[in-house]
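Next comes query.tsv, with TSV, C-alpha atoms.
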```tsv
chain	number	residue	atom	x	y	z
A	1	MET	CA	-2.61	-3.74	118.24
A	2	ALA	CA	-4.29	-6.89	116.90
A	3	VAL	CA	-2.21	-10.06	116.51
A	4	GLY	CA	-3.15	-12.99	114.31
A	5	ASP	CA	-6.46	-13.60	112.60
A	6	ALA	CA	-9.76	-13.80	114.45
A	7	ALA	CA	-13.22	-14.14	112.93
A	8	ARG	CA	-14.43	-10.99	114.71
A	9	TRP	CA	-11.50	-8.77	113.59
A	10	PRO	CA	-13.36	-6.96	110.75
A	11	ASP	CA	-16.28	-5.86	112.93
A	12	TRP	CA	-14.36	-5.25	116.14
A	13	LEU	CA	-11.40	-3.40	114.62
A	14	GLU	CA	-13.72	-1.19	112.60
A	15	LEU	CA	-15.53	-0.36	115.83
A	16	LEU	CA	-12.24	0.59	117.52
A	17	VAL	CA	-11.20	2.85	114.63
A	18	THR	CA	-14.62	4.51	114.63
A	19	THR	CA	-14.35	5.05	118.39
A	20	GLY	CA	-11.04	6.87	117.94
A	21	TYR	CA	-8.37	4.26	118.74
A	22	ARG	CA	-5.23	3.90	116.65
A	23	VAL	CA	-5.24	0.28	115.51
A	24	GLU	CA	-2.50	-1.76	113.88
A	25	VAL	CA	-2.75	-5.39	112.74
A	26	VAL	CA	0.30	-7.68	112.69
A	27	PRO	CA	0.38	-11.31	111.50
A	28	ASP	CA	2.23	-12.94	114.38
A	29	ALA	CA	3.54	-12.46	117.91
A	30	GLU	CA	7.14	-11.91	116.76
A	31	ARG	CA	6.07	-8.85	114.76
A	32	ALA	CA	4.04	-7.65	117.75
A	33	PHE	CA	7.14	-7.94	119.93
A	34	VAL	CA	9.12	-5.78	117.50
A	35	ARG	CA	6.37	-3.14	117.43
A	36	CYS	CA	6.30	-3.01	121.24
A	37	VAL	CA	10.05	-2.36	121.17
A	38	GLU	CA	9.58	0.48	118.69
A	39	ARG	CA	6.66	2.26	120.34
A	40	VAL	CA	4.35	2.33	123.36
A	41	ILE	CA	1.37	-0.02	122.99
A	42	ASP	CA	-1.56	0.20	125.41
A	43	LEU	CA	-3.42	-2.97	124.46
A	44	VAL	CA	-2.64	-6.13	122.49
A	45	LEU	CA	-5.53	-8.21	121.13
A	46	VAL	CA	-4.46	-11.79	120.42
A	47	ALA	CA	-6.44	-14.38	118.48
A	48	ALA	CA	-6.86	-17.78	120.15
A	49	GLU	CA	-4.75	-19.71	117.64
A	50	THR	CA	-1.89	-17.22	117.88
A	51	ALA	CA	-2.01	-17.30	121.68
A	52	ALA	CA	-1.60	-21.07	121.61
A	53	GLU	CA	1.17	-21.18	118.98
A	54	ASP	CA	3.27	-18.18	120.11
A	55	ALA	CA	2.93	-18.41	123.90
A	56	VAL	CA	6.67	-18.01	124.50
A	57	THR	CA	6.91	-14.86	122.37
A	58	LEU	CA	3.84	-13.38	124.04
A	59	GLU	CA	5.43	-13.98	127.43
A	60	ARG	CA	8.54	-12.12	126.23
A	61	LEU	CA	6.28	-9.28	125.11
A	62	ARG	CA	4.60	-9.17	128.52
A	63	ARG	CA	7.96	-8.94	130.27
A	64	LEU	CA	9.20	-6.31	127.85
A	65	SER	CA	6.19	-4.05	128.42
A	66	PRO	CA	4.63	-4.98	131.79
A	67	CYS	CA	2.13	-2.10	131.66
A	68	THR	CA	0.67	-3.21	128.33
A	69	ARG	CA	-2.59	-5.13	128.70
A	70	MET	CA	-3.33	-8.24	126.65
A	71	LEU	CA	-6.75	-9.63	125.71
A	72	LEU	CA	-6.81	-13.21	124.39
A	73	ILE	CA	-9.86	-13.61	122.17
A	74	GLY	CA	-11.53	-16.92	121.43
A	75	ASP	CA	-13.30	-19.82	123.05
A	76	GLY	CA	-10.04	-21.76	123.38
A	77	CYS	CA	-8.60	-18.89	125.39
A	78	GLU	CA	-11.64	-18.73	127.61
A	79	ARG	CA	-11.28	-22.41	128.47
A	80	GLY	CA	-7.85	-21.83	129.92
A	81	ALA	CA	-5.37	-20.97	127.19
A	82	THR	CA	-3.98	-18.23	129.45
A	83	SER	CA	-2.27	-20.95	131.46
A	84	ARG	CA	-0.03	-21.61	128.45
A	85	LEU	CA	1.65	-18.26	129.04
A	86	PRO	CA	4.44	-18.83	131.60
A	87	SER	CA	4.28	-16.59	134.69
A	88	THR	CA	1.18	-14.86	133.37
A	89	GLN	CA	-0.66	-12.83	135.97
A	90	ALA	CA	-4.13	-13.60	134.64
A	91	GLY	CA	-6.72	-11.04	135.59
A	92	GLU	CA	-4.12	-8.28	135.87
A	93	THR	CA	-2.17	-7.84	132.63
A	94	VAL	CA	-3.53	-10.76	130.58
A	95	ARG	CA	-7.19	-11.72	130.37
A	96	ALA	CA	-9.25	-14.00	128.15
A	97	ILE	CA	-12.58	-12.93	126.64
A	98	SER	CA	-15.10	-14.77	124.52
A	99	ALA	CA	-15.34	-14.22	120.79
A	100	SER	CA	-19.13	-14.15	121.14
A	101	LEU	CA	-19.18	-10.84	123.04
A	102	SER	CA	-21.42	-8.11	121.71
A	103	ALA	CA	-19.85	-5.01	120.16
A	104	LYS	CA	-20.69	-2.91	123.22
A	105	ALA	CA	-19.26	-5.48	125.65
A	106	PHE	CA	-16.07	-5.71	123.60
A	107	ALA	CA	-15.72	-1.90	123.52
A	108	ASP	CA	-16.15	-1.82	127.31
A	109	GLU	CA	-13.43	-4.46	127.74
A	110	VAL	CA	-11.05	-2.44	125.56
A	111	GLN	CA	-11.80	0.80	127.40
A	112	VAL	CA	-11.16	-0.80	130.81
A	113	SER	CA	-7.90	-2.40	129.62
A	114	VAL	CA	-6.55	0.78	128.02
A	115	ARG	CA	-7.37	2.81	131.11
A	116	ALA	CA	-5.66	0.24	133.33
A	117	CYS	CA	-2.55	0.33	131.14
A	118	ARG	CA	-2.26	4.10	131.23
A	119	MET	CA	-2.78	4.22	134.99
A	120	ALA	CA	-0.10	1.56	135.45
A	121	ARG	CA	2.30	3.51	133.26
A	122	GLU	CA	1.68	6.71	135.23
A	123	ARG	CA	2.26	4.79	138.47
A	124	ARG	CA	5.57	3.40	137.20
A	125	GLU	CA	6.71	6.90	136.22
A	126	ARG	CA	5.95	8.19	139.72
A	127	ILE	CA	7.78	5.21	141.27
A	128	ASP	CA	10.82	5.89	139.08
A	129	GLN	CA	10.77	9.53	140.16
A	130	LEU	CA	10.67	8.56	143.83
A	131	ARG	CA	13.48	6.04	143.36
A	132	SER	CA	15.57	8.72	141.69
A	133	LEU	CA	14.87	11.07	144.58
A	134	VAL	CA	15.86	8.43	147.14
A	135	GLN	CA	19.05	7.69	145.24
A	136	ARG	CA	19.97	11.36	145.15
A	137	CYS	CA	19.25	11.76	148.85
A	138	THR	CA	21.34	8.72	149.84
A	139	ASP	CA	24.22	9.28	147.42
A	140	ASP	CA	27.17	10.85	149.25
A	141	SER	CA	28.42	12.46	146.05
A	142	HIS	CA	25.25	14.60	145.99
A	143	ALA	CA	25.18	15.32	149.72
A	144	SER	CA	25.78	19.01	149.14
A	145	GLU	CA	23.05	19.31	146.49
A	146	ASP	CA	19.99	21.40	147.25
A	147	PHE	CA	17.35	18.65	147.17
A	148	SER	CA	14.51	21.09	147.67
A	149	THR	CA	15.25	22.34	144.15
A	150	PHE	CA	15.00	18.80	142.81
A	151	ILE	CA	11.71	18.20	144.64
A	152	GLU	CA	10.26	21.38	143.14
A	153	ARG	CA	11.02	20.02	139.66
A	154	LEU	CA	8.86	16.93	140.12
A	155	PRO	CA	5.47	17.07	138.33
A	156	ARG	CA	2.62	17.30	140.78
A	157	LYS	CA	-1.09	17.90	140.93
A	158	GLY	CA	-1.65	21.60	140.41
A	159	GLY	CA	2.13	21.97	140.03
A	160	SER	CA	2.30	25.67	139.25
A	161	ALA	CA	5.72	26.02	140.86
A	162	ALA	CA	7.62	24.53	137.93
A	163	PRO	CA	5.35	23.56	135.01
A	164	LEU	CA	6.48	21.47	132.09
A	165	MET	CA	9.56	20.13	133.87
A	166	GLY	CA	10.62	16.50	133.51
A	167	ILE	CA	10.70	16.97	129.74
A	168	GLN	CA	13.01	13.95	129.43
A	169	SER	CA	9.94	11.70	129.59
A	170	LEU	CA	8.56	13.46	126.51
A	171	VAL	CA	11.89	13.06	124.74
A	172	GLN	CA	11.83	9.32	125.44
A	173	SER	CA	8.24	9.01	124.19
A	174	MET	CA	9.02	10.80	120.92
A	175	SER	CA	12.22	8.85	120.35
A	176	ARG	CA	10.09	5.75	119.78
A	177	GLU	CA	7.50	7.43	117.56
A	178	LEU	CA	7.57	8.37	113.88
A	179	ASP	CA	3.90	9.28	113.56
A	180	PRO	CA	3.10	13.04	113.62
A	181	LEU	CA	-0.39	12.56	115.03
A	182	HIS	CA	0.85	10.44	117.92
A	183	ALA	CA	3.68	12.90	118.61
A	184	ALA	CA	1.12	15.72	118.82
A	185	ARG	CA	-1.00	13.72	121.26
A	186	GLU	CA	2.02	12.85	123.40
A	187	THR	CA	2.90	16.56	123.56
A	188	ALA	CA	-0.62	17.64	124.52
A	189	ASP	CA	-0.92	14.95	127.18
A	190	PHE	CA	2.50	15.78	128.60
A	191	ILE	CA	1.70	19.49	128.95
A	192	ASN	CA	-1.67	18.69	130.51
A	193	ARG	CA	-0.07	16.39	133.08
A	194	CYS	CA	2.21	19.24	134.10
A	195	LEU	CA	-0.58	21.85	133.99
A	196	PRO	CA	-3.68	19.86	135.00
A	197	ASP	CA	-5.86	22.98	135.24
A	198	ALA	CA	-5.11	24.07	131.66
A	199	MET	CA	-6.46	23.04	128.28
A	200	VAL	CA	-3.93	22.23	125.53
A	201	ALA	CA	-4.45	22.11	121.76
A	202	VAL	CA	-1.90	21.09	119.10
A	203	TRP	CA	-2.29	21.79	115.38
A	204	LEU	CA	-0.22	20.09	112.67
A	205	ALA	CA	0.74	22.01	109.52
A	206	GLY	CA	-0.33	20.59	106.19
A	207	VAL	CA	0.19	21.68	102.62
A	208	GLY	CA	0.74	25.41	102.21
A	209	THR	CA	-0.95	27.31	105.02
A	210	GLN	CA	-3.39	24.53	105.92
A	211	LEU	CA	-3.65	23.47	109.55
A	212	GLY	CA	-5.41	20.59	111.25
A	213	LEU	CA	-6.25	20.16	114.92
A	214	ALA	CA	-4.38	16.99	115.89
A	215	ALA	CA	-4.70	16.80	119.68
A	216	CYS	CA	-6.61	18.39	122.52
A	217	SER	CA	-6.01	17.54	126.16
A	218	GLY	CA	-7.56	18.78	129.37
A	219	HIS	CA	-11.05	20.06	129.93
A	220	ALA	CA	-12.86	23.37	130.19
A	221	ASP	CA	-15.67	22.18	132.47
A	222	ALA	CA	-18.85	24.14	131.78
A	223	ASN	CA	-16.99	26.39	129.31
A	224	ALA	CA	-16.27	23.60	126.79
A	225	ASP	CA	-18.28	25.33	124.04
A	226	ILE	CA	-16.42	28.58	124.64
A	227	ALA	CA	-13.07	26.79	124.45
A	228	VAL	CA	-14.02	25.16	121.14
A	229	ARG	CA	-15.05	28.52	119.68
A	230	LEU	CA	-11.77	30.01	120.91
A	231	MET	CA	-9.73	27.27	119.22
A	232	SER	CA	-11.64	27.84	115.98
A	233	ARG	CA	-10.97	31.58	116.03
A	234	VAL	CA	-7.30	31.06	116.93
A	235	GLU	CA	-6.92	28.63	114.04
A	236	ARG	CA	-8.45	31.07	111.55
A	237	LEU	CA	-7.18	34.43	112.83
A	238	GLN	CA	-3.96	33.88	114.78
A	239	LEU	CA	-2.16	30.83	113.44
A	240	PRO	CA	-1.61	31.92	109.79
A	241	ALA	CA	0.51	34.89	110.88
A	242	LEU	CA	2.20	32.94	113.66
A	243	MET	CA	3.31	30.23	111.20
A	244	VAL	CA	5.25	32.89	109.30
A	245	SER	CA	6.63	34.92	112.20
A	246	GLY	CA	7.24	32.05	114.64
A	247	GLY	CA	7.90	32.56	118.33
A	248	ILE	CA	5.56	32.54	121.32
A	249	ILE	CA	2.64	34.87	121.99
A	250	THR	CA	1.41	35.27	125.56
A	251	LEU	CA	-1.74	36.98	126.77
A	252	PRO	CA	-2.73	37.70	130.38
A	253	SER	CA	-6.33	37.29	129.25
A	254	ALA	CA	-7.65	35.23	126.30
A	255	SER	CA	-10.65	37.50	125.70
A	256	PRO	CA	-9.05	39.42	122.76
A	257	TRP	CA	-8.79	36.15	120.81
A	258	GLY	CA	-12.34	35.05	121.54
A	259	SER	CA	-15.64	36.38	120.24
A	260	ALA	CA	-17.34	39.36	121.81
A	261	ASP	CA	-20.01	37.10	123.30
A	262	ASP	CA	-17.37	35.03	125.11
A	263	ALA	CA	-15.18	37.92	126.28
A	264	SER	CA	-16.52	37.97	129.83
A	265	GLU	CA	-15.97	34.22	130.29
A	266	LEU	CA	-12.45	34.32	128.86
A	267	GLU	CA	-11.45	37.39	130.87
A	268	GLY	CA	-8.55	36.57	133.19
A	269	HIS	CA	-7.70	33.19	131.61
A	270	TRP	CA	-4.04	33.42	130.58
A	271	CYS	CA	-3.20	32.03	127.17
A	272	MET	CA	-0.04	31.06	125.26
A	273	LEU	CA	0.42	30.30	121.58
A	274	ALA	CA	3.66	28.86	120.18
A	275	ALA	CA	4.87	27.91	116.70
A	276	CYS	CA	6.97	24.75	116.35
A	277	ARG	CA	9.53	25.44	113.63
A	278	GLN	CA	12.51	23.60	112.24
A	279	ASP	CA	14.75	24.52	109.29
A	280	GLY	CA	12.70	27.66	108.69
A	281	GLN	CA	9.42	25.77	108.33
A	282	CYS	CA	6.50	25.69	110.76
A	283	HIS	CA	5.40	22.12	111.45
A	284	ALA	CA	2.92	22.63	114.30
A	285	ALA	CA	1.40	25.10	116.75
A	286	ILE	CA	0.60	24.72	120.45
A	287	MET	CA	-2.02	26.64	122.42
A	288	ILE	CA	-2.34	26.55	126.22
A	289	LEU	CA	-5.46	28.05	127.82
A	290	GLY	CA	-4.83	28.44	131.52
A	291	PRO	CA	-7.13	29.11	134.46
A	292	ARG	CA	-7.89	32.55	135.84
A	293	GLY	CA	-4.98	34.08	137.71
A	294	GLU	CA	-1.29	34.72	137.17
A	295	ARG	CA	0.53	32.66	134.58
A	296	PRO	CA	3.31	30.54	136.16
A	297	LEU	CA	6.58	32.33	135.53
A	298	PRO	CA	8.61	29.37	134.13
A	299	ALA	CA	5.83	28.43	131.69
A	300	GLU	CA	7.15	30.41	128.73
A	301	THR	CA	10.69	29.08	129.10
A	302	ALA	CA	9.41	25.51	129.40
A	303	LEU	CA	7.07	25.93	126.42
A	304	GLU	CA	10.08	27.11	124.40
A	305	SER	CA	11.73	23.73	125.08
A	306	VAL	CA	8.59	21.77	124.21
A	307	ARG	CA	7.94	23.62	120.94
A	308	THR	CA	11.57	23.21	119.90
A	309	LEU	CA	11.43	19.50	120.68
A	310	LEU	CA	8.19	18.97	118.74
A	311	GLY	CA	9.39	21.07	115.80
A	312	ASN	CA	12.67	19.16	115.52
A	313	HIS	CA	10.87	15.83	115.83
A	314	LEU	CA	8.30	16.65	113.14
A	315	GLY	CA	11.10	17.91	110.90
A	316	LEU	CA	12.87	14.57	111.34
A	317	ILE	CA	9.67	12.69	110.51
A	318	GLU	CA	9.28	14.74	107.33
A	319	ARG	CA	12.85	14.02	106.25
A	320	VAL	CA	12.36	10.31	106.89
A	321	ASN	CA	9.14	10.30	104.89
A	322	LEU	CA	10.81	12.13	102.01
A	323	ARG	CA	13.62	9.58	101.92
A	324	ALA	CA	11.07	6.78	101.99
A	325	THR	CA	9.32	8.12	98.88
A	326	PRO	CA	11.46	7.51	95.79
A	327	GLU	CA	11.41	10.01	92.94
A	328	TRP	CA	10.49	7.72	90.09
A	329	PRO	CA	10.94	9.08	86.54
A	330	THR	CA	7.75	9.95	84.73
A	331	ALA	CA	6.69	8.21	81.53
A	332	HIS	CA	7.89	11.13	79.37
A	333	GLU	CA	11.12	11.76	81.29
A	334	ALA	CA	14.39	10.80	79.62
A	335	PHE	CA	17.10	9.10	81.64
A	336	ASP	CA	20.14	11.28	82.24
A	337	HIS	CA	22.68	8.47	82.08
A	338	ASP	CA	24.07	6.19	79.41
A	339	ASP	CA	24.46	2.50	80.07
A	340	GLY	CA	26.75	2.13	77.07
A	341	PRO	CA	26.20	0.19	73.88
A	342	ARG	CA	23.92	-2.84	74.01
A	343	GLU	CA	25.32	-6.27	73.27
A	344	ASP	CA	23.38	-8.54	70.93
```
So that I can check it, write out the structure of this file as structure tokens.
Amino acid sequence: MAVGDAARWPDWLELLVTTGYRVEVVPDAERAFVRCVERVIDLVLVAAETAAEDAVTLERLRRLSPCTRMLLIGDGCERGATSRLPSTQAGETVRAISASLSAKAFADEVQVSVRACRMARERRERIDQLRSLVQRCTDDSHASEDFSTFIERLPRKGGSAAPLMGIQSLVQSMSRELDPLHAARETADFINRCLPDAMVAVWLAGVGTQLGLAACSGHADANADIAVRLMSRVERLQLPALMVSGGIITLPSASPWGSADDASELEGHWCMLAACRQDGQCHAAIMILGPRGERPLPAETALESVRTLLGNHLGLIERVNLRATPEWPTAHEAFDHDDGPRED
């Protein structure tokens, strides 16, 4: 999110959009604070003049979202304007950069800051999980609870014991988001964090039977080309029927959905395909391509929860968008009410 007005905004923001970042521009720090309340923001770019005028509001923003990184842009900032932010931990969450940076140097600064924000957010989530575990273990009212069951529910690296658990974090992320594309990305990233060895793809439904790939998370290592071809074939051959029928399709091996040339590479990779429906309409589809071996047993039940959550959320977004678009009468449409006789 860019705050204020800097001379380099046109070039730099265009570069960020071209690179694939979602960028929003707000006029002042107060509006930026409101946006950080409404949704998760990874990086805030602040023009030098705004940083000097709205230092108090920017400090409130930093305390509200401590994981969000802030780059103060301008020569005034570089000469020490960061000191105007009370309690600012310069070099950690707030840094000043020069407005004379090259496009590549600026892109590198943004990439480093966004990565640092996401790592900090992941670390806070893990700390919260550990605190919750400690509280449960030390709370006498839960002394008789089987804590080994709770430990098994925690997301972990290679956590095949209970995939897709901790769905409350996804619920909280979506509750702050009314953008379908961002909701799809949150869903894909969440599934991939729970199943780090899998590749996840999310399609959003458009007009009629049209579909668009909205998010892809995970990696396929040396088989990236094969995975892309598989997604293309699934989109063309499997999703149209699934959008009508709904439900979840599971395969012990993804080779039947791939091309004949890729069958040997896809053999043994379990695969799941789910339609996200709400009010009888399909809003999205999720595909999970797992590693070779047995599919984790709770995966289908957990995917049922995720697809229901995403379907309901996208249905809500659609209803909000419909309410936000008024049905204005056309030029040739007669009004169906009578205001009574006119007074001269």
### Task
Tell me which protein, DNA and RNA residues are within 10 Å of Leu251 (chain A), counting all atoms listed in the file, leaving out same-chain ones fewer than 6 positions away, and put them as an MDAnalysis selection string.
chainID A and resid 257 268:273 289 295
### Sel. within 12 Å of pt (-11.6, -2.0, 126.6), counting all atoms listed in the file, output as a list in words
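Final list of nearby residues, as requested, is Trp12, Leu15, Leu16, Thr19, Tyr21, Asp42, Leu43, Val44, Leu45, Arg69, Met70, Leu71, Arg95, Ile97, Ala103, Lys104, Ala105, Phe106, Ala107, Asp108, Glu109, Val110, Gln111, Val112, Ser113, Val114, Arg115, Ala116 and Cys117 of chain A.
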### Surrounding residues of Pro66 (chain A) excluding itself and chain neighbours under 3 positions, 12 Å, only C-alpha atoms, as a list of chain:residue names
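Once the nearby chain positions are removed, what remains is A:Cys36, A:Val40, A:Ile41, A:Asp42, A:Leu43, A:Val44, A:Leu58, A:Glu59, A:Arg60, A:Leu61, A:Arg62, A:Arg63, A:Arg69, A:Met70, A:Ser87, A:Thr88, A:Gln89, A:Glu92, A:Thr93, A:Val94, A:Ala116, A:Cys117, A:Arg118, A:Ala120, A:Arg121, A:Arg124.
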Find the residues near Arg233 (chain A): any atom within 12 Å, counting all atoms listed in the file, skip ones fewer than 3 places away on the same chain, and give them as a tab-separated table (two decimals) with C-alpha atoms, keeping the file's coordinate frame.
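Okay, this is what ended up in around39.tsv:
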```tsv
chain	number	residue	atom	x	y	z
A	226	ILE	CA	-16.42	28.58	124.64
A	227	ALA	CA	-13.07	26.79	124.45
A	228	VAL	CA	-14.02	25.16	121.14
A	229	ARG	CA	-15.05	28.52	119.68
A	230	LEU	CA	-11.77	30.01	120.91
A	236	ARG	CA	-8.45	31.07	111.55
A	237	LEU	CA	-7.18	34.43	112.83
A	238	GLN	CA	-3.96	33.88	114.78
A	239	LEU	CA	-2.16	30.83	113.44
A	240	PRO	CA	-1.61	31.92	109.79
A	254	ALA	CA	-7.65	35.23	126.30
A	255	SER	CA	-10.65	37.50	125.70
A	256	PRO	CA	-9.05	39.42	122.76
A	257	TRP	CA	-8.79	36.15	120.81
A	258	GLY	CA	-12.34	35.05	121.54
A	259	SER	CA	-15.64	36.38	120.24
A	260	ALA	CA	-17.34	39.36	121.81
A	262	ASP	CA	-17.37	35.03	125.11
```
#### Entry: Pick from A:Glu318, A:Asp225, A:Glu186, A:Glu304, whichever lies nearest to Ile249 (chain A) using only C-alpha atoms
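The answer is A:Glu304, which sits nearest to Ile249 (chain A).
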### Task
Please indicate the distance in Å from CA of Pro10 (chain A) to CA of Arg31 (chain A), rounded to one decimal place.
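Interatomic distance here is 19.9 Å.
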### Task
Return the single residue from A:Ala299, A:Ala29, A:Leu242, A:Val3 that is closest to Ala198 (chain A), with distances computed using all atoms listed in the file.
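Nearest to Ala198 (chain A): A:Ala299.
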### Task
Between A:Glu235, A:Leu170, A:Ala52, A:Ala205, single out the one closest to Gln281 (chain A), counting only C-alpha atoms.
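So, comparing all the options, the nearest one is A:Ala205.
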#### Entry: Top pick for closest residue to Asp197 (chain A), considering A:Ile248, A:Val25, A:Ile288, A:Val234 and counting only C-alpha atoms
A:Ile288
### Query
Please, what distance in Å, to one decimal, runs between CA of Leu101 (chain A) and CA of Glu53 (chain A)?
23.2 Å
### Query
What separation in Å, quoted to one decimal, exists between CA of Ala7 (chain A) and CA of Arg35 (chain A)?
22.9 Å
### Summary
Counting only C-alpha atoms, the residue among A:Ile73, A:Leu314, A:Val200, A:Leu64 that lies closest to Val46 (chain A) is A:Ile73
### Of the listed residues A:Ser232, A:Thr57, A:Thr250, A:Asn312, that which approaches Pro180 (chain A) most closely, counting only C-alpha atoms
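Looking at the shortest contact to Pro180 (chain A), the residue is A:Asn312.
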### Task
Give as a ChimeraX atom specification each residue that has an atom at most 9 Å from (-5.5, 21.7, 116.4) in the file, counting only C-alpha atoms.
/A:201-204,211-216,231-232,235,284-287
